[in-house]
>>> print(open('start_31.txt').read())   # compact mmCIF, C-alpha atoms
# COMPACT_ATOMS: atom_id res chain seq x y z
CA MET A 1 54.50 57.72 -28.44
CA THR A 2 57.89 56.32 -29.50
CA ARG A 3 58.37 53.84 -32.32
CA ILE A 4 59.08 51.05 -29.84
CA GLU A 5 55.88 51.86 -27.94
CA ARG A 6 53.91 51.77 -31.20
CA ALA A 7 55.47 48.39 -32.00
CA HIS A 8 54.50 47.06 -28.57
CA ARG A 9 50.96 48.32 -29.14
CA LEU A 10 50.82 46.56 -32.51
CA GLY A 11 51.97 43.35 -30.84
CA ARG A 12 49.22 43.59 -28.22
CA VAL A 13 46.60 44.16 -30.91
CA GLY A 14 47.96 41.16 -32.80
CA GLY A 15 47.74 39.05 -29.65
CA ALA A 16 44.08 40.00 -29.17
CA VAL A 17 43.32 39.19 -32.82
CA THR A 18 45.06 35.84 -32.43
CA ILE A 19 43.02 34.90 -29.35
CA VAL A 20 39.77 35.73 -31.14
CA ALA A 21 40.88 33.75 -34.19
CA LEU A 22 41.84 30.70 -32.12
CA MET A 23 38.40 30.76 -30.53
CA GLY A 24 37.01 30.88 -34.06
CA VAL A 25 39.12 27.88 -35.08
CA ALA A 26 37.69 25.90 -32.15
CA GLY A 27 34.18 26.92 -33.15
CA ILE A 28 34.75 25.96 -36.78
CA TYR A 29 35.94 22.52 -35.83
CA VAL A 30 32.99 21.97 -33.50
CA ARG A 31 30.80 22.80 -36.48
CA ALA A 32 32.86 20.51 -38.74
CA LEU A 33 32.62 17.55 -36.36
CA ALA A 34 29.07 17.92 -35.07
CA PHE A 35 27.08 19.88 -37.63
CA THR A 36 28.66 19.14 -41.02
CA PRO A 37 27.72 15.88 -42.78
CA ILE A 38 30.20 13.08 -43.30
CA GLU A 39 31.43 12.75 -46.88
CA ARG A 40 29.97 9.52 -48.27
CA PHE A 41 33.12 8.18 -49.98
CA GLN A 42 35.87 9.26 -47.55
CA GLY A 43 34.00 8.93 -44.28
CA ALA A 44 35.15 10.60 -41.07
CA ALA A 45 38.71 11.04 -42.42
CA GLN A 46 37.41 13.87 -44.60
CA LYS A 47 36.86 16.03 -41.50
CA ILE A 48 40.56 16.94 -41.49
CA TYR A 49 39.78 18.79 -44.71
CA TYR A 50 38.59 21.77 -42.66
CA ILE A 51 42.09 22.20 -41.24
CA HIS A 52 44.18 21.05 -44.19
CA VAL A 53 42.63 23.22 -46.90
CA PRO A 54 42.51 26.53 -44.96
CA SER A 55 46.06 25.87 -43.77
CA ALA A 56 47.09 25.49 -47.40
CA TRP A 57 45.28 28.72 -48.25
CA VAL A 58 46.98 30.68 -45.47
CA ALA A 59 50.41 29.16 -46.15
CA LEU A 60 50.29 30.18 -49.81
CA LEU A 61 48.74 33.55 -48.93
CA ALA A 62 51.47 34.31 -46.40
CA LEU A 63 54.30 33.22 -48.69
CA GLY A 64 52.73 35.04 -51.62
CA ILE A 65 52.47 38.26 -49.59
CA ALA A 66 56.11 37.79 -48.59
CA GLY A 67 57.03 37.56 -52.28
CA LEU A 68 55.13 40.76 -53.10
CA LEU A 69 56.76 42.54 -50.16
CA SER A 70 60.14 41.32 -51.42
CA ILE A 71 59.53 43.04 -54.75
CA LEU A 72 58.52 46.19 -52.91
CA TYR A 73 61.63 46.02 -50.73
CA LEU A 74 63.97 45.83 -53.72
CA TRP A 75 62.28 48.94 -55.07
CA LEU A 76 62.02 51.08 -51.91
CA LYS A 77 64.86 49.63 -49.78
CA ASP A 78 62.76 50.15 -46.61
CA ARG A 79 63.83 47.85 -43.77
CA ARG A 80 60.31 47.80 -42.38
CA ILE A 81 59.15 46.10 -45.58
CA ASP A 82 61.91 43.52 -45.20
CA LEU A 83 60.80 42.86 -41.62
CA ALA A 84 57.17 42.48 -42.74
CA ALA A 85 58.21 40.02 -45.46
CA ALA A 86 60.22 37.98 -42.95
CA ALA A 87 57.28 37.97 -40.53
CA SER A 88 54.95 36.71 -43.26
CA VAL A 89 57.44 33.98 -44.20
CA GLU A 90 57.65 32.76 -40.60
CA VAL A 91 53.87 32.54 -40.36
CA GLY A 92 53.68 30.89 -43.79
CA VAL A 93 56.25 28.27 -42.84
CA ALA A 94 54.31 27.50 -39.63
CA PHE A 95 51.10 26.97 -41.59
CA SER A 96 53.03 24.92 -44.15
CA VAL A 97 54.01 22.54 -41.35
CA VAL A 98 50.31 22.11 -40.56
CA LEU A 99 49.58 21.64 -44.26
CA LEU A 100 52.30 19.02 -44.76
CA THR A 101 51.31 17.20 -41.56
CA THR A 102 47.55 17.04 -42.03
CA GLY A 103 47.87 16.07 -45.71
CA PRO A 104 49.48 12.66 -45.06
CA ILE A 105 47.15 12.02 -42.11
CA TRP A 106 44.20 12.57 -44.45
CA GLY A 107 45.84 10.79 -47.38
CA LYS A 108 46.74 7.54 -45.62
CA PRO A 109 43.18 6.16 -45.18
CA ILE A 110 42.08 7.52 -48.59
CA TRP A 111 45.09 6.80 -50.82
CA GLY A 112 46.60 3.97 -48.80
CA THR A 113 49.93 5.80 -48.49
CA TRP A 114 51.30 8.60 -46.34
CA TRP A 115 53.10 10.31 -49.21
CA THR A 116 53.41 10.15 -52.97
CA TRP A 117 55.88 12.14 -55.03
CA ASP A 118 53.33 13.66 -57.35
CA ALA A 119 53.57 17.20 -58.71
CA ARG A 120 51.34 18.95 -56.16
CA LEU A 121 52.91 17.40 -53.07
CA THR A 122 56.48 17.63 -54.33
CA SER A 123 56.22 21.27 -55.42
CA THR A 124 54.59 22.21 -52.11
CA LEU A 125 57.39 20.50 -50.20
CA PHE A 126 59.93 22.32 -52.36
CA LEU A 127 58.25 25.66 -51.58
CA PHE A 128 58.38 24.86 -47.86
CA LEU A 129 62.08 23.97 -48.02
CA LEU A 130 62.79 27.11 -50.06
CA PHE A 131 61.34 29.31 -47.35
CA VAL A 132 63.02 27.33 -44.58
CA GLY A 133 66.20 28.24 -46.45
CA TYR A 134 65.00 31.85 -46.42
CA LEU A 135 64.82 31.79 -42.62
CA VAL A 136 68.19 30.05 -42.30
CA LEU A 137 69.75 32.67 -44.57
CA ARG A 138 68.35 35.50 -42.45
CA GLY A 139 69.84 33.87 -39.37
CA VAL A 140 73.29 33.66 -40.97
CA LEU A 141 73.60 37.12 -42.53
CA THR A 142 74.22 39.96 -40.09
CA ASP A 143 74.35 42.89 -42.51
CA PRO A 144 70.74 44.21 -42.75
CA GLU A 145 71.03 45.42 -46.35
CA LEU A 146 72.63 42.23 -47.62
CA ARG A 147 70.16 40.11 -45.63
CA GLY A 148 67.20 42.01 -47.02
CA ARG A 149 68.41 41.82 -50.62
CA PHE A 150 69.20 38.09 -50.59
CA SER A 151 65.99 37.31 -48.71
CA ALA A 152 63.98 39.27 -51.27
CA VAL A 153 65.41 37.20 -54.12
CA ILE A 154 64.29 33.99 -52.42
CA GLY A 155 60.90 35.53 -51.66
CA ILE A 156 60.38 36.37 -55.32
CA MET A 157 61.41 32.84 -56.35
CA GLY A 158 58.73 31.46 -54.04
CA LEU A 159 56.14 33.88 -55.42
CA VAL A 160 56.79 32.58 -58.94
CA LEU A 161 56.33 29.00 -57.74
CA ILE A 162 52.93 29.54 -56.07
CA PRO A 163 50.79 29.78 -59.26
CA PHE A 164 52.58 26.69 -60.58
CA ILE A 165 51.58 24.74 -57.47
CA HIS A 166 47.93 25.67 -58.04
CA MET A 167 48.10 24.52 -61.67
CA THR A 168 49.90 21.22 -61.07
CA VAL A 169 46.67 19.22 -60.80
CA TYR A 170 45.74 20.38 -64.30
CA MET A 171 49.22 20.03 -65.83
CA PHE A 172 50.16 16.59 -64.46
CA ARG A 173 48.54 13.32 -63.50
CA THR A 174 48.26 13.37 -59.73
CA LEU A 175 46.50 11.70 -56.83
CA HIS A 176 45.79 15.07 -55.31
CA PRO A 177 42.20 16.21 -55.96
CA ALA A 178 41.57 19.21 -58.18
CA PRO A 179 40.48 22.52 -56.61
CA ILE A 180 36.81 22.62 -55.66
CA ILE A 181 36.51 26.38 -55.04
CA LEU A 182 39.27 28.22 -56.95
CA LYS A 183 38.11 27.09 -60.40
CA PRO A 184 36.00 28.49 -63.26
CA SER A 185 32.93 26.36 -62.45
CA PRO A 186 30.82 26.56 -59.25
CA PRO A 187 32.22 24.96 -56.04
CA SER A 188 31.85 21.17 -55.88
CA LEU A 189 30.58 20.92 -52.31
CA PRO A 190 27.15 20.61 -50.68
CA GLY A 191 25.95 23.83 -49.09
CA SER A 192 26.64 22.94 -45.45
CA MET A 193 30.18 21.74 -46.23
CA LEU A 194 30.85 24.86 -48.29
CA VAL A 195 29.72 27.14 -45.45
CA THR A 196 32.02 25.34 -43.01
CA LEU A 197 34.94 25.52 -45.41
CA LEU A 198 34.48 29.19 -46.28
CA SER A 199 34.10 30.01 -42.59
CA SER A 200 37.36 28.22 -41.88
CA PHE A 201 39.04 30.24 -44.64
CA GLY A 202 37.91 33.44 -42.95
CA VAL A 203 38.95 32.37 -39.47
CA PHE A 204 42.36 31.10 -40.59
CA THR A 205 42.96 34.34 -42.50
CA VAL A 206 42.25 36.34 -39.33
CA LEU A 207 44.62 34.00 -37.47
CA TYR A 208 47.29 34.79 -40.07
CA ALA A 209 46.72 38.51 -39.51
CA GLY A 210 47.11 38.11 -35.74
CA PHE A 211 50.30 36.06 -36.05
CA MET A 212 51.65 38.46 -38.67
CA MET A 213 51.11 41.54 -36.51
CA GLN A 214 52.79 39.92 -33.52
CA ARG A 215 55.77 38.66 -35.45
CA TYR A 216 56.25 41.95 -37.29
CA ALA A 217 56.07 43.84 -34.00
CA LEU A 218 58.74 41.59 -32.48
CA GLY A 219 61.01 42.04 -35.49
CA LEU A 220 60.49 45.80 -35.46
CA ILE A 221 61.26 46.05 -31.73
CA ARG A 222 64.45 44.03 -32.17
CA ASP A 223 65.49 46.18 -35.12
CA LEU A 224 64.82 49.43 -33.26
CA ARG A 225 66.77 48.26 -30.22
CA GLU A 226 69.70 47.33 -32.46
CA GLU A 227 69.58 50.83 -33.94
CA GLU A 228 69.62 52.36 -30.45
CA ALA A 229 72.51 50.16 -29.37
CA ALA A 230 74.50 51.13 -32.49
CA ALA A 231 73.77 54.81 -31.87
CA ASP A 232 74.95 54.56 -28.24
CA ALA A 233 78.14 52.67 -29.14
>>> encode(input="start_31.txt", output="structure tokens")
Amino acid sequence: MTRIERAHRLGRVGGAVTIVALMGVAGIYVRALAFTPIERFQGAAQKIYYIHVPSAWVALLALGIAGLLSILYLWLKDRRIDLAAAASVEVGVAFSVVLLTTGPIWGKPIWGTWWTWDARLTSTLFLFLLFVGYLVLRGVLTDPELRGRFSAVIGIMGLVLIPFIHMTVYMFRTLHPAPIILKPSPPSLPGSMLVTLLSSFGVFTVLYAGFMMQRYALGLIRDLREEEAAADA
């Protein structure tokens, strides 16, 4: 089996994983709407929580993995690692769009405003724009080595920012609620809500894996075809 055939096979596996995960997302939201109680202070608006929070988790996970892969790329100089980092960034940016869209939709009926420039929201927006710049940079640079090196620097910058985003609710006064799971004390949710939320974390993580495999496979196929074209020239 050639490298291109293996890449195509990876893409097909990723597509199957994605389909299963999307079915899981539908199931999670049926559970959230029909079988999870309404939060007594926020009402029905709180139901968007089961999309917003797992999207935030996957966005930061994907961008964090891209940062770690960027460090690894600078060490090993393997183009496959660069392609994997870029794939993770693309998926992370997509989930960041969901995060930054569902947040204001949830915030408007609760806070009375679509957006506030507090530390958590502003730093998250900055992270999103940083990685949009990452993708723009990759589209501009044609030299693979230069593209990989510059991209890795931006990826590492984003990795440094991610722990700061998590800590902003403790470091600054903010409208954004504090974490209810990733904290030293037990989770601050009733059992049925916690089960729904943790299930959504699992399903969204599988969805990330499916998207990641497909996007990496596409990048690898493109890279291999470019190598073949250069060899034939």
>>> residues_around(input="start_31.txt", residues="stretch 30-42 of chain A", least_positions_apart="6", cutoff="8 Å", atoms="only C-alpha atoms", output="count of residues only")
5
>>> residues_around(input="start_31.txt", residues="stretch 202-205 of chain A", least_positions_apart="5", cutoff="7 Å", atoms="only C-alpha atoms", output="MDAnalysis selection string")
chainID A and resid 21 24:25 54 58
>>> closest_atom_pairs(input="start_31.txt", of="stretch 105-130 of chain A", to="stretch 155-169 of chain A", cutoff="9 Å", atoms="only C-alpha atoms", output="Markdown table")
| residue | atom | partner | partner_atom | distance |
| --- | --- | --- | --- | --- |
| A:Ala119 | CA | A:Thr168 | CA | 5.9 |
| A:Arg120 | CA | A:Thr168 | CA | 5.6 |
| A:Leu121 | CA | A:Ile165 | CA | 8.7 |
| A:Ser123 | CA | A:Ile165 | CA | 6.1 |
| A:Thr124 | CA | A:Ile165 | CA | 6.6 |
| A:Leu127 | CA | A:Gly158 | CA | 6.3 |
| A:Leu130 | CA | A:Gly158 | CA | 7.2 |
>>> closest_residue(input="start_31.txt", among="A:Pro177, A:Gly92, A:Gly43, A:Gly15", to="A:Gly67", atoms="all atoms listed in the file")
A:Gly92
>>> closest_residue(input="start_31.txt", among="A:Leu72, A:Val153, A:Met171, A:Ile51", to="A:Leu99", atoms="only C-alpha atoms")
A:Ile51
>>> residues_around(input="start_31.txt", residues="stretch 221-230 of chain A", least_positions_apart="3", cutoff="10 Å", atoms="all atoms listed in the file", output="number ranges by chain")
A: 3-8, 11, 79-80, 83, 144, 215-218, 233
>>> atom_distance(input="start_31.txt", atom1="atom CA of A:Tyr29", atom2="atom CA of A:Val17")
18.5 Å
>>> closest_residue(input="start_31.txt", among="A:Tyr208, A:Phe131, A:Phe150, A:Phe201", to="A:Val89", atoms="all atoms listed in the file")
A:Phe131
>>> closest_residue(input="start_31.txt", among="A:Leu68, A:Met1, A:Met213, A:Val13", to="A:Ala152", atoms="only C-alpha atoms")
A:Leu68
>>> decode(input="start_31.txt", residues="stretch 99-227 of chain A", atoms="C-alpha atoms", output="mmCIF file, in the first residue's frame")
data_model
loop_
_atom_site.group_PDB
_atom_site.id
_atom_site.type_symbol
_atom_site.label_atom_id
_atom_site.label_comp_id
_atom_site.auth_asym_id
_atom_site.auth_seq_id
_atom_site.Cartn_x
_atom_site.Cartn_y
_atom_site.Cartn_z
ATOM 1 C CA LEU A 99 -17.697 28.728 20.917
ATOM 2 C CA LEU A 100 -17.704 32.440 20.059
ATOM 3 C CA THR A 101 -21.156 32.180 18.453
ATOM 4 C CA THR A 102 -22.983 30.215 21.132
ATOM 5 C CA GLY A 103 -21.463 32.288 23.949
ATOM 6 C CA PRO A 104 -23.202 35.558 22.994
ATOM 7 C CA ILE A 105 -26.447 33.705 22.217
ATOM 8 C CA TRP A 106 -26.372 32.284 25.743
ATOM 9 C CA GLY A 107 -25.089 35.502 27.308
ATOM 10 C CA LYS A 108 -27.700 37.878 25.894
ATOM 11 C CA PRO A 109 -30.716 36.643 27.932
ATOM 12 C CA ILE A 110 -28.552 36.066 31.044
ATOM 13 C CA TRP A 111 -26.235 39.093 31.067
ATOM 14 C CA GLY A 112 -28.394 41.440 29.010
ATOM 15 C CA THR A 113 -25.619 41.975 26.458
ATOM 16 C CA TRP A 114 -24.216 40.044 23.513
ATOM 17 C CA TRP A 115 -20.597 40.760 24.391
ATOM 18 C CA THR A 116 -18.499 42.256 27.156
ATOM 19 C CA TRP A 117 -14.780 42.916 26.948
ATOM 20 C CA ASP A 118 -13.866 41.009 30.070
ATOM 21 C CA ALA A 119 -10.685 38.969 30.426
ATOM 22 C CA ARG A 120 -12.088 35.533 29.525
ATOM 23 C CA LEU A 121 -13.950 36.635 26.407
ATOM 24 C CA THR A 122 -11.239 38.993 25.184
ATOM 25 C CA SER A 123 -8.406 36.496 25.625
ATOM 26 C CA THR A 124 -10.437 33.779 23.892
ATOM 27 C CA LEU A 125 -11.122 36.105 20.963
ATOM 28 C CA PHE A 126 -7.419 36.956 20.823
ATOM 29 C CA LEU A 127 -6.531 33.239 20.718
ATOM 30 C CA PHE A 128 -9.008 32.732 17.872
ATOM 31 C CA LEU A 129 -7.556 35.639 15.875
ATOM 32 C CA LEU A 130 -4.021 34.394 16.544
ATOM 33 C CA PHE A 131 -4.804 31.040 14.972
ATOM 34 C CA VAL A 132 -6.719 32.625 12.112
ATOM 35 C CA GLY A 133 -3.444 34.441 11.484
ATOM 36 C CA TYR A 134 -1.716 31.053 11.631
ATOM 37 C CA LEU A 135 -3.911 29.778 8.792
ATOM 38 C CA VAL A 136 -3.451 32.968 6.767
ATOM 39 C CA LEU A 137 0.317 32.686 7.178
ATOM 40 C CA ARG A 138 0.289 29.091 5.937
ATOM 41 C CA GLY A 139 -1.670 30.204 2.885
ATOM 42 C CA VAL A 140 0.874 32.918 2.067
ATOM 43 C CA LEU A 141 4.154 31.042 2.556
ATOM 44 C CA THR A 142 5.020 28.544 -0.166
ATOM 45 C CA ASP A 143 8.321 27.216 1.187
ATOM 46 C CA PRO A 144 7.422 24.172 3.358
ATOM 47 C CA GLU A 145 10.320 24.598 5.799
ATOM 48 C CA LEU A 146 9.755 28.310 6.312
ATOM 49 C CA ARG A 147 5.990 27.771 6.597
ATOM 50 C CA GLY A 148 6.429 25.045 9.181
ATOM 51 C CA ARG A 149 8.888 27.050 11.279
ATOM 52 C CA PHE A 150 6.837 30.263 11.355
ATOM 53 C CA SER A 151 3.627 28.332 11.964
ATOM 54 C CA ALA A 152 5.241 26.508 14.876
ATOM 55 C CA VAL A 153 6.182 29.789 16.548
ATOM 56 C CA ILE A 154 2.563 30.957 16.404
ATOM 57 C CA GLY A 155 1.374 27.558 17.634
ATOM 58 C CA ILE A 156 3.640 27.787 20.673
ATOM 59 C CA MET A 157 2.424 31.333 21.391
ATOM 60 C CA GLY A 158 -1.142 30.020 21.438
ATOM 61 C CA LEU A 159 -0.165 27.136 23.708
ATOM 62 C CA VAL A 160 1.228 29.601 26.259
ATOM 63 C CA LEU A 161 -2.011 31.587 26.163
ATOM 64 C CA ILE A 162 -4.352 28.636 26.839
ATOM 65 C CA PRO A 163 -3.589 28.194 30.596
ATOM 66 C CA PHE A 164 -3.958 31.966 31.012
ATOM 67 C CA ILE A 165 -7.452 31.817 29.497
ATOM 68 C CA HIS A 166 -8.448 29.147 32.021
ATOM 69 C CA MET A 167 -7.152 31.241 34.924
ATOM 70 C CA THR A 168 -8.695 34.568 33.871
ATOM 71 C CA VAL A 169 -11.854 34.036 35.937
ATOM 72 C CA TYR A 170 -9.682 33.730 39.042
ATOM 73 C CA MET A 171 -7.255 36.543 38.180
ATOM 74 C CA PHE A 172 -9.763 39.210 37.071
ATOM 75 C CA ARG A 173 -13.283 40.358 37.822
ATOM 76 C CA THR A 174 -15.436 38.956 35.047
ATOM 77 C CA LEU A 175 -19.031 38.226 34.119
ATOM 78 C CA HIS A 176 -18.013 34.831 32.850
ATOM 79 C CA PRO A 177 -18.798 32.062 35.360
ATOM 80 C CA ALA A 178 -15.955 30.171 36.998
ATOM 81 C CA PRO A 179 -15.207 26.578 35.921
ATOM 82 C CA ILE A 180 -17.583 24.023 37.407
ATOM 83 C CA ILE A 181 -15.608 20.870 36.519
ATOM 84 C CA LEU A 182 -11.919 21.757 36.040
ATOM 85 C CA LYS A 183 -11.407 23.000 39.610
ATOM 86 C CA PRO A 184 -10.041 21.614 42.902
ATOM 87 C CA SER A 185 -13.497 21.109 44.462
ATOM 88 C CA PRO A 186 -16.210 18.687 43.229
ATOM 89 C CA PRO A 187 -18.252 19.682 40.130
ATOM 90 C CA SER A 188 -21.030 22.213 40.821
ATOM 91 C CA LEU A 189 -23.788 20.507 38.849
ATOM 92 C CA PRO A 190 -26.676 18.180 39.713
ATOM 93 C CA GLY A 191 -26.056 14.582 38.701
ATOM 94 C CA SER A 192 -28.248 14.494 35.583
ATOM 95 C CA MET A 193 -26.752 17.735 34.233
ATOM 96 C CA LEU A 194 -23.237 16.486 34.940
ATOM 97 C CA VAL A 195 -23.877 13.227 33.066
ATOM 98 C CA THR A 196 -25.167 15.146 30.049
ATOM 99 C CA LEU A 197 -22.218 17.522 30.108
ATOM 100 C CA LEU A 198 -19.583 14.810 30.499
ATOM 101 C CA SER A 199 -21.240 12.802 27.728
ATOM 102 C CA SER A 200 -21.084 15.846 25.475
ATOM 103 C CA PHE A 201 -17.386 16.229 26.283
ATOM 104 C CA GLY A 202 -16.790 12.653 25.159
ATOM 105 C CA VAL A 203 -18.831 12.961 21.976
ATOM 106 C CA PHE A 204 -17.264 16.284 20.978
ATOM 107 C CA THR A 205 -13.794 14.848 21.594
ATOM 108 C CA VAL A 206 -14.569 11.951 19.252
ATOM 109 C CA LEU A 207 -15.860 14.498 16.724
ATOM 110 C CA TYR A 208 -12.533 16.329 17.003
ATOM 111 C CA ALA A 209 -10.693 13.062 16.331
ATOM 112 C CA GLY A 210 -12.798 12.398 13.229
ATOM 113 C CA PHE A 211 -12.299 15.899 11.841
ATOM 114 C CA MET A 212 -8.593 15.768 12.686
ATOM 115 C CA MET A 213 -8.024 12.488 10.854
ATOM 116 C CA GLN A 214 -9.829 13.730 7.757
ATOM 117 C CA ARG A 215 -8.042 17.056 7.647
ATOM 118 C CA TYR A 216 -4.636 15.492 8.270
ATOM 119 C CA ALA A 217 -5.270 12.941 5.534
ATOM 120 C CA LEU A 218 -6.164 15.712 3.072
ATOM 121 C CA GLY A 219 -3.052 17.682 3.963
ATOM 122 C CA LEU A 220 -0.874 14.592 3.669
ATOM 123 C CA ILE A 221 -2.322 13.680 0.268
ATOM 124 C CA ARG A 222 -1.730 17.205 -1.016
ATOM 125 C CA ASP A 223 1.825 17.173 0.310
ATOM 126 C CA LEU A 224 2.591 13.788 -1.238
ATOM 127 C CA ARG A 225 1.204 14.848 -4.610
ATOM 128 C CA GLU A 226 3.349 17.986 -4.505
ATOM 129 C CA GLU A 227 6.385 15.798 -3.815
#
